[in-house]
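For reference, the structure is listed below as structure tokens.
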Amino acid sequence: DLGAYAHQDIPFERLVEELNPVRSMARNPLFQVMLTAGNVPETRWELPGLQVEPVPSMTAPPAHFDLSLTLGERRAADGSPAGLEGGILYAADLFDETTAQALAARLTRVLEQVAENARIRLSEIDVLGPQERSAVVEAWNATSRPQAAGTVLDHFDAWVRSTPDALAVRCGSAALSYGELEGRANR
């Protein structure tokens with residue numbers, strides 16, 4: 001990172017030209033996700049006889065990357081820290097609003113845990129909420145199925161009886177049906 005700071009003023013277009021990555025109209029040539037964190041306080045202009053304040057944009061700019069997350073420090077009237085604010089821009093052909101909101105909720109959850117305990121280990125940070133964790137750990141992994149009675153050999157014998165000519169095993173150009181495999185195994 002420190003080495004990169006020496007070149008931070010190089011225009012992005014020149015960087016792309018120098019690196020000459022494989023180009024695709026479907027994606028940005030170097031990265032698809034951008035995180036910007038700003039901690040520069042908002043500038044207040046005080047001009048005699050004139051009141052100046054920032055005017056928020058009425059429309060969101062187009063997403064230049066697949067996903068772009070911007071965070072900035074908020075300050076109280078006295079200049080003390082007052083939390084973070086941020087926004088997410090996303091390519092609508094890759095993400096929908098629900099997905100973007102879920103990503104924002106996960107990031108918020110992580111930041112809250114780190115703010116609460118600056119010494120927390122990465123392995124202790126819970127990215128998922130209770131419902132998501134239940135879905136991932138329990139529902140998606142509910143793979144138990146009733147087991148048929150009998151041994152592996154019983155099941156193999158049933159396959160031999162019901163489909164003796166079906167392909168059982170192949171190795172390179174050699175192939176054996178269930179009947180042939182049983183015949184060789186019983187020799």
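Chains: A, B, ... in order of the structure tokens. Residues: from 1 per chain. Ligands: from 1, in order shown.
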
Got a sec to tell me which of region 20-116 of chain A DSSP assigns to strand (DSSP E), as a CSV table (one decimal) with N, CA, C and O atoms, in the first residue's frame?
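This is the output file selection32.csv:
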```csv
chain,number,residue,atom,x,y,z
A,33,VAL,N,-15.2,-4.5,-8.0
A,33,VAL,CA,-15.8,-3.9,-6.7
A,33,VAL,C,-14.9,-2.8,-6.2
A,33,VAL,O,-13.7,-3.0,-6.2
A,34,MET,N,-15.5,-1.7,-5.8
A,34,MET,CA,-14.7,-0.6,-5.3
A,34,MET,C,-15.2,-0.2,-3.9
A,34,MET,O,-16.4,0.0,-3.8
A,35,LEU,N,-14.3,0.0,-3.0
A,35,LEU,CA,-14.7,0.5,-1.7
A,35,LEU,C,-13.9,1.8,-1.5
A,35,LEU,O,-12.7,1.8,-1.6
A,36,THR,N,-14.7,2.9,-1.2
A,36,THR,CA,-14.1,4.2,-1.0
A,36,THR,C,-14.4,4.6,0.5
A,36,THR,O,-15.6,4.6,0.8
A,37,ALA,N,-13.4,4.9,1.3
A,37,ALA,CA,-13.6,5.4,2.6
A,37,ALA,C,-13.0,6.8,2.7
A,37,ALA,O,-11.8,6.9,2.5
A,38,GLY,N,-13.9,7.7,3.0
A,38,GLY,CA,-13.4,9.1,3.1
A,38,GLY,C,-13.5,9.6,4.6
A,38,GLY,O,-14.4,9.3,5.3
A,46,GLU,N,-17.4,30.2,4.2
A,46,GLU,CA,-18.0,31.4,4.8
A,46,GLU,C,-17.6,32.6,4.0
A,46,GLU,O,-16.5,33.0,4.0
A,47,LEU,N,-18.6,33.1,3.3
A,47,LEU,CA,-18.3,34.3,2.4
A,47,LEU,C,-19.3,35.4,2.9
A,47,LEU,O,-20.4,35.2,3.2
A,50,LEU,N,-23.1,35.8,1.9
A,50,LEU,CA,-23.5,34.7,1.1
A,50,LEU,C,-23.5,33.4,2.0
A,50,LEU,O,-22.6,33.2,2.7
A,51,GLN,N,-24.6,32.7,1.8
A,51,GLN,CA,-24.7,31.4,2.6
A,51,GLN,C,-24.5,30.3,1.6
A,51,GLN,O,-25.1,30.2,0.5
A,67,LEU,N,-20.0,-3.2,-8.4
A,67,LEU,CA,-20.4,-2.9,-7.0
A,67,LEU,C,-19.5,-1.8,-6.5
A,67,LEU,O,-18.3,-1.9,-6.6
A,68,SER,N,-20.0,-0.7,-6.0
A,68,SER,CA,-19.3,0.4,-5.5
A,68,SER,C,-19.8,0.8,-4.2
A,68,SER,O,-21.0,1.2,-4.1
A,69,LEU,N,-19.0,0.8,-3.1
A,69,LEU,CA,-19.4,1.1,-1.8
A,69,LEU,C,-18.6,2.4,-1.3
A,69,LEU,O,-17.4,2.4,-1.4
A,70,THR,N,-19.3,3.4,-0.9
A,70,THR,CA,-18.7,4.6,-0.4
A,70,THR,C,-19.0,4.8,1.0
A,70,THR,O,-20.2,4.8,1.4
A,71,LEU,N,-18.0,5.0,1.9
A,71,LEU,CA,-18.2,5.3,3.3
A,71,LEU,C,-17.6,6.7,3.6
A,71,LEU,O,-16.6,7.0,3.0
A,72,GLY,N,-18.2,7.4,4.5
A,72,GLY,CA,-17.7,8.7,4.9
A,72,GLY,C,-18.0,9.0,6.4
A,72,GLY,O,-19.0,8.5,6.9
A,73,GLU,N,-17.0,9.6,7.0
A,73,GLU,CA,-17.3,10.0,8.4
A,73,GLU,C,-18.3,11.1,8.6
A,73,GLU,O,-18.2,12.1,7.8
A,74,ARG,N,-19.1,11.0,9.5
A,74,ARG,CA,-20.1,12.1,9.9
A,74,ARG,C,-19.5,12.8,11.0
A,74,ARG,O,-18.8,12.2,11.9
A,75,ARG,N,-19.7,14.1,11.1
A,75,ARG,CA,-19.2,14.9,12.2
A,75,ARG,C,-20.4,15.7,12.8
A,75,ARG,O,-21.3,16.1,12.2
A,81,PRO,N,-16.6,13.1,16.1
A,81,PRO,CA,-17.1,12.1,15.3
A,81,PRO,C,-18.5,11.7,15.6
A,81,PRO,O,-18.9,11.7,16.8
A,82,ALA,N,-19.3,11.4,14.6
A,82,ALA,CA,-20.7,11.1,14.8
A,82,ALA,C,-21.1,9.9,13.9
A,82,ALA,O,-22.3,9.9,13.5
A,83,GLY,N,-20.2,9.0,13.7
A,83,GLY,CA,-20.6,7.8,13.0
A,83,GLY,C,-20.2,7.8,11.5
A,83,GLY,O,-19.4,8.7,11.1
A,84,LEU,N,-20.7,6.9,10.8
A,84,LEU,CA,-20.4,6.7,9.3
A,84,LEU,C,-21.7,6.8,8.6
A,84,LEU,O,-22.7,6.5,9.1
A,85,GLU,N,-21.5,7.3,7.3
A,85,GLU,CA,-22.7,7.2,6.4
A,85,GLU,C,-22.1,6.6,5.1
A,85,GLU,O,-20.9,6.6,4.9
A,86,GLY,N,-23.0,6.1,4.3
A,86,GLY,CA,-22.5,5.5,3.1
A,86,GLY,C,-23.5,5.3,2.1
A,86,GLY,O,-24.7,5.5,2.3
A,87,GLY,N,-23.1,4.8,0.9
A,87,GLY,CA,-24.0,4.4,-0.1
A,87,GLY,C,-23.5,3.3,-1.0
A,87,GLY,O,-22.3,3.1,-1.0
A,88,ILE,N,-24.4,2.6,-1.7
A,88,ILE,CA,-24.0,1.5,-2.6
A,88,ILE,C,-24.5,1.8,-3.9
A,88,ILE,O,-25.7,2.1,-4.1
A,89,LEU,N,-23.7,1.7,-4.9
A,89,LEU,CA,-24.1,1.7,-6.3
A,89,LEU,C,-23.8,0.4,-6.9
A,89,LEU,O,-22.8,-0.2,-6.6
A,90,TYR,N,-24.7,-0.1,-7.7
A,90,TYR,CA,-24.5,-1.5,-8.2
A,90,TYR,C,-25.0,-1.6,-9.7
A,90,TYR,O,-25.9,-0.8,-10.1
```

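Going from CA of Gly129 (chain A) to CA of Leu107 (chain A) covers 11.0 Å.
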
Who sits within 12 Å of region 20-27 of chain A, only C-alpha atoms, same chain under 4 positions skipped, as a PyMOL selection string: chain A and resi 12-16+31-33+63-67+91+93-94

A:Ala185, A:Pro11, A:Val169, A:Asp126 ranked by distance to Arg109 (chain A), top pick (using only C-alpha atoms):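 Comparing A:Ala185, A:Pro11, A:Val169, A:Asp126 against Arg109 (chain A), the winner is A:Asp126.
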
Interatomic distance (Å, one decimal) between CA of Ser177 (chain A) and CA of Arg145 (chain A):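 Taking CA of Ser177 (chain A) and CA of Arg145 (chain A), their separation equals 27.9 Å.
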
Alpha helix (DSSP H) call set, DSSP backbone run, region 40-184 of chain A, as a ChimeraX atom specification: /A:97-116,130-134,152-162,178-184

Interatomic distance, CA of Ala115 (chain A) to CA of Gln131 (chain A) (Å, one decimal): 22.7 Å

Neighbour list for Pro130 (chain A) as a VMD selection string, cut-off 12 Å, only C-alpha atoms, skip fewer than 5 positions in-chain: chain A and resid 106 109 135 to 138
